[in-house]
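Chemist: Provided below: final-v3.txt, containing compact mmCIF, N, CA and C atoms and all ligand atoms.
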# COMPACT_ATOMS: atom_id res chain seq x y z
N MET O 995 -31.42 -62.16 -80.42
CA MET O 995 -30.32 -62.25 -79.46
C MET O 995 -29.89 -63.71 -79.27
N ASN O 996 -28.58 -63.90 -79.20
CA ASN O 996 -28.06 -65.26 -79.04
C ASN O 996 -27.98 -65.60 -77.54
N ASP O 997 -28.77 -66.58 -77.14
CA ASP O 997 -28.81 -66.97 -75.73
C ASP O 997 -27.84 -68.11 -75.41
N CYS O 998 -27.00 -68.46 -76.36
CA CYS O 998 -26.13 -69.63 -76.18
C CYS O 998 -25.06 -69.36 -75.12
N ILE O 999 -25.02 -70.20 -74.10
CA ILE O 999 -24.07 -69.99 -73.00
C ILE O 999 -22.62 -70.12 -73.48
N PHE O 1000 -22.36 -71.02 -74.43
CA PHE O 1000 -20.99 -71.18 -74.91
C PHE O 1000 -20.57 -69.98 -75.77
N CYS O 1001 -21.50 -69.41 -76.56
CA CYS O 1001 -21.18 -68.17 -77.29
C CYS O 1001 -20.82 -67.07 -76.30
N LYS O 1002 -21.53 -67.04 -75.18
CA LYS O 1002 -21.25 -66.01 -74.16
C LYS O 1002 -19.88 -66.26 -73.50
N ILE O 1003 -19.54 -67.51 -73.26
CA ILE O 1003 -18.22 -67.83 -72.71
C ILE O 1003 -17.12 -67.43 -73.70
N ILE O 1004 -17.34 -67.74 -74.97
CA ILE O 1004 -16.34 -67.40 -76.01
C ILE O 1004 -16.19 -65.89 -76.11
N ALA O 1005 -17.31 -65.16 -75.98
CA ALA O 1005 -17.26 -63.69 -76.05
C ALA O 1005 -16.79 -63.07 -74.73
N LYS O 1006 -16.54 -63.93 -73.75
CA LYS O 1006 -16.08 -63.52 -72.41
C LYS O 1006 -17.11 -62.68 -71.66
N GLU O 1007 -18.38 -62.88 -72.02
CA GLU O 1007 -19.48 -62.26 -71.26
C GLU O 1007 -19.76 -63.09 -70.01
N ILE O 1008 -19.40 -64.36 -70.04
CA ILE O 1008 -19.48 -65.25 -68.87
C ILE O 1008 -18.07 -65.77 -68.64
N THR O 1009 -17.65 -65.81 -67.37
CA THR O 1009 -16.28 -66.25 -67.10
C THR O 1009 -16.15 -67.77 -67.24
N SER O 1010 -14.96 -68.16 -67.63
CA SER O 1010 -14.65 -69.58 -67.71
C SER O 1010 -13.16 -69.74 -67.41
N TYR O 1011 -12.76 -70.96 -67.17
CA TYR O 1011 -11.33 -71.25 -67.02
C TYR O 1011 -10.79 -71.62 -68.40
N LYS O 1012 -10.53 -70.58 -69.20
CA LYS O 1012 -10.01 -70.79 -70.55
C LYS O 1012 -8.60 -71.36 -70.46
N VAL O 1013 -8.32 -72.37 -71.28
CA VAL O 1013 -6.95 -72.88 -71.33
C VAL O 1013 -6.31 -72.59 -72.69
N TYR O 1014 -7.12 -72.35 -73.71
CA TYR O 1014 -6.55 -72.13 -75.05
C TYR O 1014 -7.60 -71.46 -75.93
N GLU O 1015 -7.14 -70.55 -76.82
CA GLU O 1015 -8.00 -70.08 -77.89
C GLU O 1015 -7.14 -69.69 -79.08
N ASP O 1016 -7.72 -69.85 -80.25
CA ASP O 1016 -7.09 -69.33 -81.47
C ASP O 1016 -8.21 -68.72 -82.30
N LYS O 1017 -7.93 -68.46 -83.59
CA LYS O 1017 -8.90 -67.75 -84.42
C LYS O 1017 -10.24 -68.51 -84.53
N TYR O 1018 -10.17 -69.84 -84.49
CA TYR O 1018 -11.36 -70.64 -84.80
C TYR O 1018 -11.92 -71.41 -83.61
N THR O 1019 -11.11 -71.65 -82.59
CA THR O 1019 -11.55 -72.55 -81.50
C THR O 1019 -11.28 -71.94 -80.13
N PHE O 1020 -11.98 -72.50 -79.14
CA PHE O 1020 -11.88 -72.02 -77.76
C PHE O 1020 -11.96 -73.26 -76.86
N ALA O 1021 -11.08 -73.34 -75.87
CA ALA O 1021 -11.05 -74.52 -74.99
C ALA O 1021 -11.04 -74.07 -73.54
N PHE O 1022 -11.88 -74.70 -72.72
CA PHE O 1022 -12.01 -74.29 -71.32
C PHE O 1022 -12.40 -75.48 -70.45
N LEU O 1023 -12.20 -75.31 -69.13
CA LEU O 1023 -12.55 -76.40 -68.20
C LEU O 1023 -14.05 -76.62 -68.16
N ASP O 1024 -14.47 -77.88 -68.23
CA ASP O 1024 -15.87 -78.21 -67.95
C ASP O 1024 -16.12 -77.94 -66.47
N ILE O 1025 -17.22 -77.25 -66.18
CA ILE O 1025 -17.53 -76.82 -64.81
C ILE O 1025 -17.85 -78.01 -63.89
N SER O 1026 -18.29 -79.12 -64.48
CA SER O 1026 -18.59 -80.34 -63.70
C SER O 1026 -17.77 -81.49 -64.27
N PRO O 1027 -16.51 -81.56 -63.90
CA PRO O 1027 -15.62 -82.50 -64.59
C PRO O 1027 -15.89 -83.96 -64.27
N VAL O 1028 -15.74 -84.79 -65.29
CA VAL O 1028 -15.76 -86.25 -65.08
C VAL O 1028 -14.49 -86.64 -64.32
N ASN O 1029 -13.38 -86.05 -64.72
CA ASN O 1029 -12.10 -86.14 -64.00
C ASN O 1029 -11.51 -84.73 -63.98
N PRO O 1030 -10.67 -84.38 -63.01
CA PRO O 1030 -10.05 -83.05 -63.02
C PRO O 1030 -9.27 -82.82 -64.31
N GLY O 1031 -9.47 -81.64 -64.90
CA GLY O 1031 -8.80 -81.32 -66.17
C GLY O 1031 -9.67 -81.61 -67.39
N HIS O 1032 -10.91 -82.06 -67.16
CA HIS O 1032 -11.88 -82.28 -68.24
C HIS O 1032 -12.08 -80.97 -69.01
N ILE O 1033 -11.79 -81.01 -70.31
CA ILE O 1033 -11.81 -79.79 -71.14
C ILE O 1033 -12.91 -79.89 -72.19
N LEU O 1034 -13.49 -78.75 -72.51
CA LEU O 1034 -14.41 -78.67 -73.65
C LEU O 1034 -13.73 -77.86 -74.75
N VAL O 1035 -13.75 -78.39 -75.97
CA VAL O 1035 -13.20 -77.68 -77.13
C VAL O 1035 -14.36 -77.34 -78.06
N THR O 1036 -14.50 -76.05 -78.37
CA THR O 1036 -15.64 -75.61 -79.19
C THR O 1036 -15.15 -74.75 -80.36
N PRO O 1037 -15.91 -74.75 -81.46
CA PRO O 1037 -15.65 -73.75 -82.49
C PRO O 1037 -16.14 -72.40 -81.99
N LYS O 1038 -15.49 -71.33 -82.44
CA LYS O 1038 -15.94 -69.99 -82.00
C LYS O 1038 -17.29 -69.63 -82.63
N ASN O 1039 -17.53 -70.10 -83.85
CA ASN O 1039 -18.84 -69.84 -84.48
C ASN O 1039 -19.90 -70.73 -83.84
N HIS O 1040 -21.12 -70.20 -83.76
CA HIS O 1040 -22.21 -71.03 -83.22
C HIS O 1040 -22.64 -72.07 -84.26
N ILE O 1041 -22.20 -73.29 -84.02
CA ILE O 1041 -22.53 -74.43 -84.89
C ILE O 1041 -23.16 -75.46 -83.98
N LYS O 1042 -24.31 -76.00 -84.41
CA LYS O 1042 -25.07 -76.88 -83.52
C LYS O 1042 -24.43 -78.25 -83.34
N ASN O 1043 -24.03 -78.85 -84.45
CA ASN O 1043 -23.55 -80.24 -84.36
C ASN O 1043 -22.54 -80.52 -85.46
N ILE O 1044 -22.08 -81.75 -85.53
CA ILE O 1044 -21.02 -82.10 -86.50
C ILE O 1044 -21.49 -81.87 -87.93
N GLU O 1045 -22.73 -82.23 -88.23
CA GLU O 1045 -23.19 -82.09 -89.62
C GLU O 1045 -23.19 -80.64 -90.09
N GLU O 1046 -23.39 -79.71 -89.16
CA GLU O 1046 -23.43 -78.28 -89.53
C GLU O 1046 -22.03 -77.70 -89.72
N ALA O 1047 -21.02 -78.41 -89.24
CA ALA O 1047 -19.65 -77.85 -89.26
C ALA O 1047 -19.00 -78.10 -90.62
N ASP O 1048 -18.35 -77.07 -91.17
CA ASP O 1048 -17.63 -77.30 -92.43
C ASP O 1048 -16.30 -78.00 -92.12
N GLU O 1049 -15.67 -78.49 -93.19
CA GLU O 1049 -14.48 -79.33 -92.99
C GLU O 1049 -13.33 -78.54 -92.35
N LYS O 1050 -13.22 -77.27 -92.71
CA LYS O 1050 -12.14 -76.46 -92.15
C LYS O 1050 -12.32 -76.34 -90.63
N THR O 1051 -13.55 -76.09 -90.20
CA THR O 1051 -13.83 -75.98 -88.76
C THR O 1051 -13.50 -77.29 -88.06
N LEU O 1052 -13.92 -78.40 -88.66
CA LEU O 1052 -13.65 -79.70 -88.03
C LEU O 1052 -12.14 -79.95 -87.90
N CYS O 1053 -11.41 -79.54 -88.93
CA CYS O 1053 -9.94 -79.70 -88.87
C CYS O 1053 -9.35 -78.83 -87.76
N GLN O 1054 -9.85 -77.63 -87.64
CA GLN O 1054 -9.34 -76.73 -86.60
C GLN O 1054 -9.65 -77.28 -85.21
N ILE O 1055 -10.85 -77.83 -85.05
CA ILE O 1055 -11.22 -78.42 -83.75
C ILE O 1055 -10.29 -79.59 -83.43
N MET O 1056 -10.05 -80.44 -84.41
CA MET O 1056 -9.21 -81.61 -84.17
C MET O 1056 -7.77 -81.19 -83.85
N ARG O 1057 -7.33 -80.11 -84.48
CA ARG O 1057 -5.98 -79.58 -84.21
C ARG O 1057 -5.89 -79.15 -82.74
N THR O 1058 -6.94 -78.46 -82.27
CA THR O 1058 -6.95 -78.01 -80.87
C THR O 1058 -7.06 -79.20 -79.92
N ILE O 1059 -7.87 -80.19 -80.28
CA ILE O 1059 -8.00 -81.39 -79.43
C ILE O 1059 -6.62 -82.04 -79.25
N LYS O 1060 -5.87 -82.12 -80.34
CA LYS O 1060 -4.54 -82.74 -80.26
C LYS O 1060 -3.63 -81.96 -79.31
N LYS O 1061 -3.68 -80.63 -79.40
CA LYS O 1061 -2.86 -79.80 -78.50
C LYS O 1061 -3.27 -80.03 -77.04
N ILE O 1062 -4.58 -80.03 -76.80
CA ILE O 1062 -5.07 -80.18 -75.42
C ILE O 1062 -4.69 -81.56 -74.88
N GLY O 1063 -4.84 -82.57 -75.70
CA GLY O 1063 -4.50 -83.93 -75.27
C GLY O 1063 -3.05 -84.00 -74.81
N LYS O 1064 -2.17 -83.38 -75.57
CA LYS O 1064 -0.75 -83.40 -75.20
C LYS O 1064 -0.54 -82.63 -73.89
N ALA O 1065 -1.25 -81.49 -73.76
CA ALA O 1065 -1.11 -80.68 -72.54
C ALA O 1065 -1.63 -81.45 -71.31
N LEU O 1066 -2.67 -82.24 -71.49
CA LEU O 1066 -3.18 -83.04 -70.37
C LEU O 1066 -2.16 -84.10 -69.96
N LYS O 1067 -1.51 -84.69 -70.94
CA LYS O 1067 -0.47 -85.68 -70.62
C LYS O 1067 0.73 -85.01 -69.96
N ASP O 1068 1.16 -83.88 -70.52
CA ASP O 1068 2.37 -83.22 -70.00
C ASP O 1068 2.09 -82.47 -68.69
N GLY O 1069 0.94 -81.78 -68.63
CA GLY O 1069 0.68 -80.89 -67.50
C GLY O 1069 -0.10 -81.52 -66.37
N MET O 1070 -0.91 -82.52 -66.69
CA MET O 1070 -1.77 -83.15 -65.67
C MET O 1070 -1.31 -84.56 -65.35
N LYS O 1071 -0.24 -84.99 -66.03
CA LYS O 1071 0.24 -86.37 -65.87
C LYS O 1071 -0.86 -87.39 -66.21
N ALA O 1072 -1.75 -86.99 -67.12
CA ALA O 1072 -2.76 -87.94 -67.58
C ALA O 1072 -2.05 -89.05 -68.36
N GLU O 1073 -2.46 -90.30 -68.09
CA GLU O 1073 -1.83 -91.40 -68.81
C GLU O 1073 -2.47 -91.58 -70.18
N SER O 1074 -3.70 -91.06 -70.30
CA SER O 1074 -4.49 -91.29 -71.50
C SER O 1074 -5.63 -90.28 -71.48
N TYR O 1075 -6.44 -90.25 -72.51
CA TYR O 1075 -7.63 -89.39 -72.45
C TYR O 1075 -8.69 -89.90 -73.42
N ASN O 1076 -9.94 -89.59 -73.10
CA ASN O 1076 -11.06 -89.87 -74.00
C ASN O 1076 -11.46 -88.59 -74.71
N VAL O 1077 -11.81 -88.70 -75.99
CA VAL O 1077 -12.39 -87.59 -76.75
C VAL O 1077 -13.82 -88.01 -77.08
N MET O 1078 -14.78 -87.21 -76.59
CA MET O 1078 -16.19 -87.60 -76.78
C MET O 1078 -17.01 -86.40 -77.23
N GLU O 1079 -18.05 -86.68 -78.00
CA GLU O 1079 -18.93 -85.59 -78.44
C GLU O 1079 -20.35 -86.12 -78.43
N ASN O 1080 -21.22 -85.44 -77.72
CA ASN O 1080 -22.63 -85.83 -77.70
C ASN O 1080 -23.32 -85.06 -78.82
N ASN O 1081 -23.71 -85.78 -79.86
CA ASN O 1081 -24.22 -85.13 -81.07
C ASN O 1081 -25.74 -85.19 -81.08
N ASP O 1082 -26.36 -84.10 -80.67
CA ASP O 1082 -27.83 -83.93 -80.58
C ASP O 1082 -28.37 -84.46 -79.23
N PRO O 1083 -29.55 -83.95 -78.85
CA PRO O 1083 -30.04 -84.20 -77.49
C PRO O 1083 -30.21 -85.67 -77.09
N ILE O 1084 -30.66 -86.51 -78.00
CA ILE O 1084 -30.87 -87.92 -77.62
C ILE O 1084 -29.55 -88.58 -77.25
N ALA O 1085 -28.46 -88.06 -77.83
CA ALA O 1085 -27.12 -88.59 -77.49
C ALA O 1085 -26.55 -87.92 -76.26
N GLY O 1086 -27.32 -87.01 -75.64
CA GLY O 1086 -26.86 -86.39 -74.40
C GLY O 1086 -26.35 -84.97 -74.55
N GLN O 1087 -26.52 -84.39 -75.77
CA GLN O 1087 -26.05 -83.01 -75.94
C GLN O 1087 -27.03 -82.05 -75.27
N ILE O 1088 -26.54 -81.36 -74.24
CA ILE O 1088 -27.37 -80.43 -73.49
C ILE O 1088 -27.18 -79.01 -74.03
N ILE O 1089 -25.95 -78.64 -74.32
CA ILE O 1089 -25.67 -77.29 -74.85
C ILE O 1089 -25.59 -77.40 -76.38
N PRO O 1090 -26.50 -76.73 -77.08
CA PRO O 1090 -26.56 -76.92 -78.55
C PRO O 1090 -25.53 -76.07 -79.31
N HIS O 1091 -24.31 -76.10 -78.84
CA HIS O 1091 -23.16 -75.47 -79.52
C HIS O 1091 -22.09 -76.56 -79.54
N LEU O 1092 -21.73 -77.00 -80.73
CA LEU O 1092 -20.80 -78.14 -80.87
C LEU O 1092 -19.61 -78.04 -79.91
N HIS O 1093 -19.34 -79.13 -79.21
CA HIS O 1093 -18.18 -79.16 -78.32
C HIS O 1093 -17.73 -80.59 -78.13
N PHE O 1094 -16.43 -80.75 -78.00
CA PHE O 1094 -15.84 -82.05 -77.76
C PHE O 1094 -15.32 -82.09 -76.32
N HIS O 1095 -15.60 -83.16 -75.64
CA HIS O 1095 -15.10 -83.38 -74.28
C HIS O 1095 -13.75 -84.08 -74.36
N ILE O 1096 -12.75 -83.55 -73.70
CA ILE O 1096 -11.45 -84.23 -73.58
C ILE O 1096 -11.30 -84.59 -72.11
N ILE O 1097 -11.33 -85.87 -71.83
CA ILE O 1097 -11.36 -86.33 -70.44
C ILE O 1097 -10.06 -87.06 -70.11
N PRO O 1098 -9.24 -86.44 -69.21
CA PRO O 1098 -8.00 -87.11 -68.84
C PRO O 1098 -8.27 -88.40 -68.06
N ARG O 1099 -7.43 -89.40 -68.30
CA ARG O 1099 -7.64 -90.69 -67.65
C ARG O 1099 -6.38 -91.16 -66.95
N LYS O 1100 -6.62 -91.80 -65.81
CA LYS O 1100 -5.53 -92.46 -65.09
C LYS O 1100 -5.96 -93.90 -64.83
N LYS O 1101 -5.00 -94.78 -64.68
CA LYS O 1101 -5.31 -96.19 -64.42
C LYS O 1101 -6.20 -96.29 -63.17
N ASP O 1102 -7.22 -97.12 -63.25
CA ASP O 1102 -8.12 -97.37 -62.12
C ASP O 1102 -8.80 -96.09 -61.62
N ASP O 1103 -9.16 -95.17 -62.54
CA ASP O 1103 -9.85 -93.94 -62.10
C ASP O 1103 -11.34 -94.16 -61.91
N GLY O 1104 -11.80 -95.38 -62.18
CA GLY O 1104 -13.18 -95.73 -61.86
C GLY O 1104 -14.20 -95.36 -62.93
N LEU O 1105 -13.75 -94.71 -64.01
CA LEU O 1105 -14.69 -94.32 -65.05
C LEU O 1105 -15.02 -95.53 -65.93
N ILE O 1106 -16.30 -95.81 -66.03
CA ILE O 1106 -16.73 -96.98 -66.81
C ILE O 1106 -17.39 -96.48 -68.08
N LEU O 1107 -16.91 -96.93 -69.22
CA LEU O 1107 -17.50 -96.49 -70.48
C LEU O 1107 -18.72 -97.34 -70.82
N TRP O 1108 -19.30 -97.13 -71.98
CA TRP O 1108 -20.59 -97.71 -72.32
C TRP O 1108 -20.58 -99.24 -72.38
N PRO O 1109 -21.71 -99.84 -72.01
CA PRO O 1109 -21.84 -101.29 -72.18
C PRO O 1109 -22.01 -101.62 -73.66
N GLN O 1110 -21.48 -102.74 -74.10
CA GLN O 1110 -21.60 -103.12 -75.52
C GLN O 1110 -22.55 -104.28 -75.70
N LYS O 1111 -23.10 -104.39 -76.95
CA LYS O 1111 -24.08 -105.43 -77.27
C LYS O 1111 -23.50 -106.36 -78.32
N GLU O 1112 -24.32 -107.36 -78.72
CA GLU O 1112 -23.91 -108.24 -79.81
C GLU O 1112 -24.93 -108.12 -80.93
N TYR O 1113 -24.51 -108.36 -82.17
CA TYR O 1113 -25.45 -108.40 -83.28
C TYR O 1113 -26.10 -109.77 -83.34
N ASN O 1114 -27.39 -109.78 -83.72
CA ASN O 1114 -28.04 -111.05 -84.03
C ASN O 1114 -27.51 -111.54 -85.39
N LYS O 1115 -27.76 -112.80 -85.69
CA LYS O 1115 -27.29 -113.36 -86.97
C LYS O 1115 -27.86 -112.55 -88.15
N GLY O 1116 -27.04 -112.11 -89.07
CA GLY O 1116 -27.48 -111.39 -90.27
C GLY O 1116 -27.70 -109.90 -90.06
N GLU O 1117 -27.74 -109.48 -88.83
CA GLU O 1117 -28.06 -108.08 -88.52
C GLU O 1117 -26.93 -107.12 -88.94
N ALA O 1118 -25.71 -107.52 -88.70
CA ALA O 1118 -24.56 -106.64 -89.03
C ALA O 1118 -24.52 -106.36 -90.52
N GLU O 1119 -24.82 -107.40 -91.32
CA GLU O 1119 -24.80 -107.23 -92.78
C GLU O 1119 -25.86 -106.21 -93.22
N LYS O 1120 -27.08 -106.36 -92.68
CA LYS O 1120 -28.18 -105.45 -93.05
C LYS O 1120 -27.84 -104.01 -92.64
N ILE O 1121 -27.33 -103.87 -91.45
CA ILE O 1121 -27.04 -102.52 -90.94
C ILE O 1121 -25.91 -101.87 -91.72
N SER O 1122 -24.88 -102.63 -92.01
CA SER O 1122 -23.76 -102.03 -92.78
C SER O 1122 -24.24 -101.63 -94.17
N GLU O 1123 -25.15 -102.41 -94.77
CA GLU O 1123 -25.70 -102.05 -96.10
C GLU O 1123 -26.49 -100.74 -96.02
N LYS O 1124 -27.32 -100.60 -94.99
CA LYS O 1124 -28.12 -99.37 -94.83
C LYS O 1124 -27.21 -98.15 -94.76
N ILE O 1125 -26.13 -98.27 -93.98
CA ILE O 1125 -25.23 -97.13 -93.79
C ILE O 1125 -24.46 -96.86 -95.08
N LYS O 1126 -24.02 -97.91 -95.75
CA LYS O 1126 -23.28 -97.71 -97.00
C LYS O 1126 -24.17 -97.04 -98.04
N ASN O 1127 -25.44 -97.48 -98.14
CA ASN O 1127 -26.37 -96.86 -99.11
C ASN O 1127 -26.57 -95.39 -98.81
N ALA O 1128 -26.71 -95.06 -97.53
CA ALA O 1128 -26.90 -93.64 -97.15
C ALA O 1128 -25.65 -92.84 -97.50
N LEU O 1129 -24.47 -93.43 -97.31
CA LEU O 1129 -23.22 -92.73 -97.64
C LEU O 1129 -23.12 -92.45 -99.13
N HIS O 1130 -23.60 -93.38 -99.96
CA HIS O 1130 -23.53 -93.17 -101.42
C HIS O 1130 -24.38 -91.99 -101.86
N LYS O 1131 -25.42 -91.67 -101.09
CA LYS O 1131 -26.32 -90.56 -101.45
C LYS O 1131 -25.70 -89.20 -101.11
N ASN O 1132 -24.67 -89.18 -100.26
CA ASN O 1132 -24.07 -87.88 -99.85
C ASN O 1132 -23.29 -87.24 -101.00
P1 LIG O 1201 -23.12 -81.87 -73.28
O1 LIG O 1201 -23.99 -82.72 -72.42
O2 LIG O 1201 -22.24 -82.69 -74.22
O3 LIG O 1201 -23.90 -80.79 -74.01
O4 LIG O 1201 -22.10 -81.18 -72.31
C1 LIG O 1201 -22.28 -79.92 -71.78
C2 LIG O 1201 -21.19 -79.71 -70.77
O5 LIG O 1201 -21.10 -78.32 -70.49
C3 LIG O 1201 -21.46 -80.40 -69.44
O6 LIG O 1201 -20.41 -81.35 -69.18
C4 LIG O 1201 -21.45 -79.25 -68.41
O7 LIG O 1201 -20.83 -79.59 -67.21
C5 LIG O 1201 -20.71 -78.17 -69.16
N1 LIG O 1201 -21.04 -76.80 -68.79
C6 LIG O 1201 -22.26 -76.24 -68.68
N2 LIG O 1201 -22.17 -74.94 -68.33
C7 LIG O 1201 -20.85 -74.67 -68.23
C8 LIG O 1201 -20.11 -73.49 -67.89
N3 LIG O 1201 -20.72 -72.34 -67.60
N4 LIG O 1201 -18.76 -73.58 -67.88
C9 LIG O 1201 -18.15 -74.75 -68.15
N5 LIG O 1201 -18.79 -75.87 -68.48
C10 LIG O 1201 -20.12 -75.85 -68.51
ZN ZN O 1202 -23.21 -70.82 -79.35
What is this file in structure tokens?
Modeler:
Amino acid sequence: MNDCIFCKIIAKEITSYKVYEDKYTFAFLDISPVNPGHILVTPKNHIKNIEEADEKTLCQIMRTIKKIGKALKDGMKAESYNVMENNDPIAGQIIPHLHFHIIPRKKDDGLILWPQKEYNKGEAEKISEKIKNALHKN
């Protein structure tokens, strides 16, 4: 049995404030919004994270994100929005069904994004090489 809460929302076994659905994706209000109008966009299939998603699914998700972003600007008078995805638990993913957060933003809304760091001398070169080598293996 699938205990996934988002699968249950998509199947309408649990109620949600759905704003959009198509053959591949489902979008609904986050129950604990960062800002009013905070939307979650999910694939209808149970996919855990980005690596598990095929390219077609990722394209469909991005297509829905674009629609929602425009609706937030037009319907919520959002001046801007953030698109975020917590990929796996250490990154903050609590529900293990891939979903993207679309967070409407207004000037001076008080939301502070992540603090940034600096690279030590030579560190950026080493790190970029590690990532490039891993990419060549794909
Ligand atoms: P994440 O930490 O990226 O896995 O985000 C999970 C999000 O799901 C959180 O922002 C929750 O507020 C939201 N959430 C959990 N349960 C529900 C629900 N029943 N309906 C709408 N949003 C939910
Ligand atoms: Zn699921």
Chemist: Which of these, O:Leu1092, O:Met1056, O:Ile1125, O:Ile1084, has the shortest distance to ligand ZN 1202 (chain O) once you count all atoms listed in the file?
Modeler: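 Smallest separation from ligand ZN 1202 (chain O) among the options: O:Leu1092.
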Chemist: Report the residues of range 998-1096 of chain O whose backbone DSSP state falls under strand (DSSP E), written as a PyMOL selection string.
Modeler: chain O and resi 1012-1015+1019-1023+1033-1037+1074-1078+1094-1096
Chemist: Give me the residues near Ala1021 in chain O as a tab-separated table (two decimals) with N, CA and C atoms, in the frame of the given file, where near means some atom within 6 Å (using only N, CA and C atoms) and where sequence neighbours in that chain fewer than 5 positions away do not count.
Modeler:
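Result file follows (selection.tsv):
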chain	number	residue	atom	x	y	z
O	1011	TYR	N	-12.76	-70.96	-67.17
O	1011	TYR	CA	-11.33	-71.25	-67.02
O	1011	TYR	C	-10.79	-71.62	-68.40
O	1012	LYS	N	-10.53	-70.58	-69.20
O	1012	LYS	CA	-10.01	-70.79	-70.55
O	1012	LYS	C	-8.60	-71.36	-70.46
O	1013	VAL	N	-8.32	-72.37	-71.28
O	1013	VAL	CA	-6.95	-72.88	-71.33
O	1013	VAL	C	-6.31	-72.59	-72.69
O	1014	TYR	N	-7.12	-72.35	-73.71
O	1014	TYR	CA	-6.55	-72.13	-75.05
O	1014	TYR	C	-7.60	-71.46	-75.93
O	1015	GLU	N	-7.14	-70.55	-76.82
O	1015	GLU	CA	-8.00	-70.08	-77.89
O	1015	GLU	C	-7.14	-69.69	-79.08
O	1034	LEU	N	-13.49	-78.75	-72.51
O	1034	LEU	CA	-14.41	-78.67	-73.65
O	1034	LEU	C	-13.73	-77.86	-74.75
O	1035	VAL	N	-13.75	-78.39	-75.97
O	1035	VAL	CA	-13.20	-77.68	-77.13
O	1035	VAL	C	-14.36	-77.34	-78.06
O	1036	THR	N	-14.50	-76.05	-78.37
O	1036	THR	CA	-15.64	-75.61	-79.19
O	1036	THR	C	-15.15	-74.75	-80.36
Chemist: Distance table requested - chain O against ligand LIG 1201 (chain O), cut-off 6.5 Å, all atoms listed in the file: one row per qualifying residue with the closest atom pair and its distance in Å to one decimal, ordered by chain and rising residue number, as a Markdown table.
Modeler:
| residue | atom | partner | partner_atom | distance |
| --- | --- | --- | --- | --- |
| O:Thr1009 | C | O:LIG1201 | N4 | 6.4 |
| O:Ser1010 | CA | O:LIG1201 | N4 | 5.7 |
| O:Phe1022 | C | O:LIG1201 | C9 | 6.2 |
| O:Leu1023 | C | O:LIG1201 | C9 | 4.5 |
| O:Asp1024 | CA | O:LIG1201 | N5 | 3.8 |
| O:Ile1025 | N | O:LIG1201 | N5 | 3.1 |
| O:Ser1026 | N | O:LIG1201 | O7 | 3.8 |
| O:Pro1027 | N | O:LIG1201 | O7 | 5.8 |
| O:Glu1079 | C | O:LIG1201 | O2 | 5.7 |
| O:Asn1080 | N | O:LIG1201 | O2 | 4.6 |
| O:Gly1086 | C | O:LIG1201 | O1 | 3.9 |
| O:Gln1087 | C | O:LIG1201 | O3 | 3.6 |
| O:Ile1088 | N | O:LIG1201 | O3 | 2.7 |
| O:Ile1089 | N | O:LIG1201 | O3 | 3.0 |
| O:Pro1090 | N | O:LIG1201 | O3 | 5.7 |
| O:His1093 | C | O:LIG1201 | O2 | 6.3 |
Chemist: Kindly compile the residues surrounding ligand ZN 1202 (chain O) within 6 Å, counting all atoms listed in the file, and format them as a PDB file with N, CA and C atoms, keeping the file's coordinate frame.
Modeler:
ATOM      1  N   CYS O 998     -27.000 -68.460 -76.360  1.00  0.00           N
ATOM      2  CA  CYS O 998     -26.130 -69.630 -76.180  1.00  0.00           C
ATOM      3  C   CYS O 998     -25.060 -69.360 -75.120  1.00  0.00           C
ATOM      4  N   ILE O 999     -25.020 -70.200 -74.100  1.00  0.00           N
ATOM      5  CA  ILE O 999     -24.070 -69.990 -73.000  1.00  0.00           C
ATOM      6  C   ILE O 999     -22.620 -70.120 -73.480  1.00  0.00           C
ATOM      7  N   PHE O1000     -22.360 -71.020 -74.430  1.00  0.00           N
ATOM      8  CA  PHE O1000     -20.990 -71.180 -74.910  1.00  0.00           C
ATOM      9  C   PHE O1000     -20.570 -69.980 -75.770  1.00  0.00           C
ATOM     10  N   CYS O1001     -21.500 -69.410 -76.560  1.00  0.00           N
ATOM     11  CA  CYS O1001     -21.180 -68.170 -77.290  1.00  0.00           C
ATOM     12  C   CYS O1001     -20.820 -67.070 -76.300  1.00  0.00           C
ATOM     13  N   LYS O1002     -21.530 -67.040 -75.180  1.00  0.00           N
ATOM     14  CA  LYS O1002     -21.250 -66.010 -74.160  1.00  0.00           C
ATOM     15  C   LYS O1002     -19.880 -66.260 -73.500  1.00  0.00           C
ATOM     16  N   ASN O1039     -17.530 -70.100 -83.850  1.00  0.00           N
ATOM     17  CA  ASN O1039     -18.840 -69.840 -84.480  1.00  0.00           C
ATOM     18  C   ASN O1039     -19.900 -70.730 -83.840  1.00  0.00           C
ATOM     19  N   HIS O1040     -21.120 -70.200 -83.760  1.00  0.00           N
ATOM     20  CA  HIS O1040     -22.210 -71.030 -83.220  1.00  0.00           C
ATOM     21  C   HIS O1040     -22.640 -72.070 -84.260  1.00  0.00           C
ATOM     22  N   ILE O1041     -22.200 -73.290 -84.020  1.00  0.00           N
ATOM     23  CA  ILE O1041     -22.530 -74.430 -84.890  1.00  0.00           C
ATOM     24  C   ILE O1041     -23.160 -75.460 -83.980  1.00  0.00           C
ATOM     25  N   PRO O1090     -26.500 -76.730 -77.080  1.00  0.00           N
ATOM     26  CA  PRO O1090     -26.560 -76.920 -78.550  1.00  0.00           C
ATOM     27  C   PRO O1090     -25.530 -76.070 -79.310  1.00  0.00           C
ATOM     28  N   HIS O1091     -24.310 -76.100 -78.840  1.00  0.00           N
ATOM     29  CA  HIS O1091     -23.160 -75.470 -79.520  1.00  0.00           C
ATOM     30  C   HIS O1091     -22.090 -76.560 -79.540  1.00  0.00           C
TER      31      HIS O1091
END
Chemist: Per DSSP on the backbone, what are the helix (DSSP H, G or I) residues of chain O, as a PyMOL selection string?
Modeler: chain O and resi 999-1004+1044-1046+1049-1070+1083-1085+1117-1131
Chemist: Determine the nearest neighbour of His1032 in chain O from the options O:Pro1109, O:Gly1116, O:Pro1098, O:Gly1104, counting only N, CA and C atoms.
Modeler: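 Going through O:Pro1109, O:Gly1116, O:Pro1098, O:Gly1104 one by one, the smallest distance to His1032 in chain O is for O:Pro1098.
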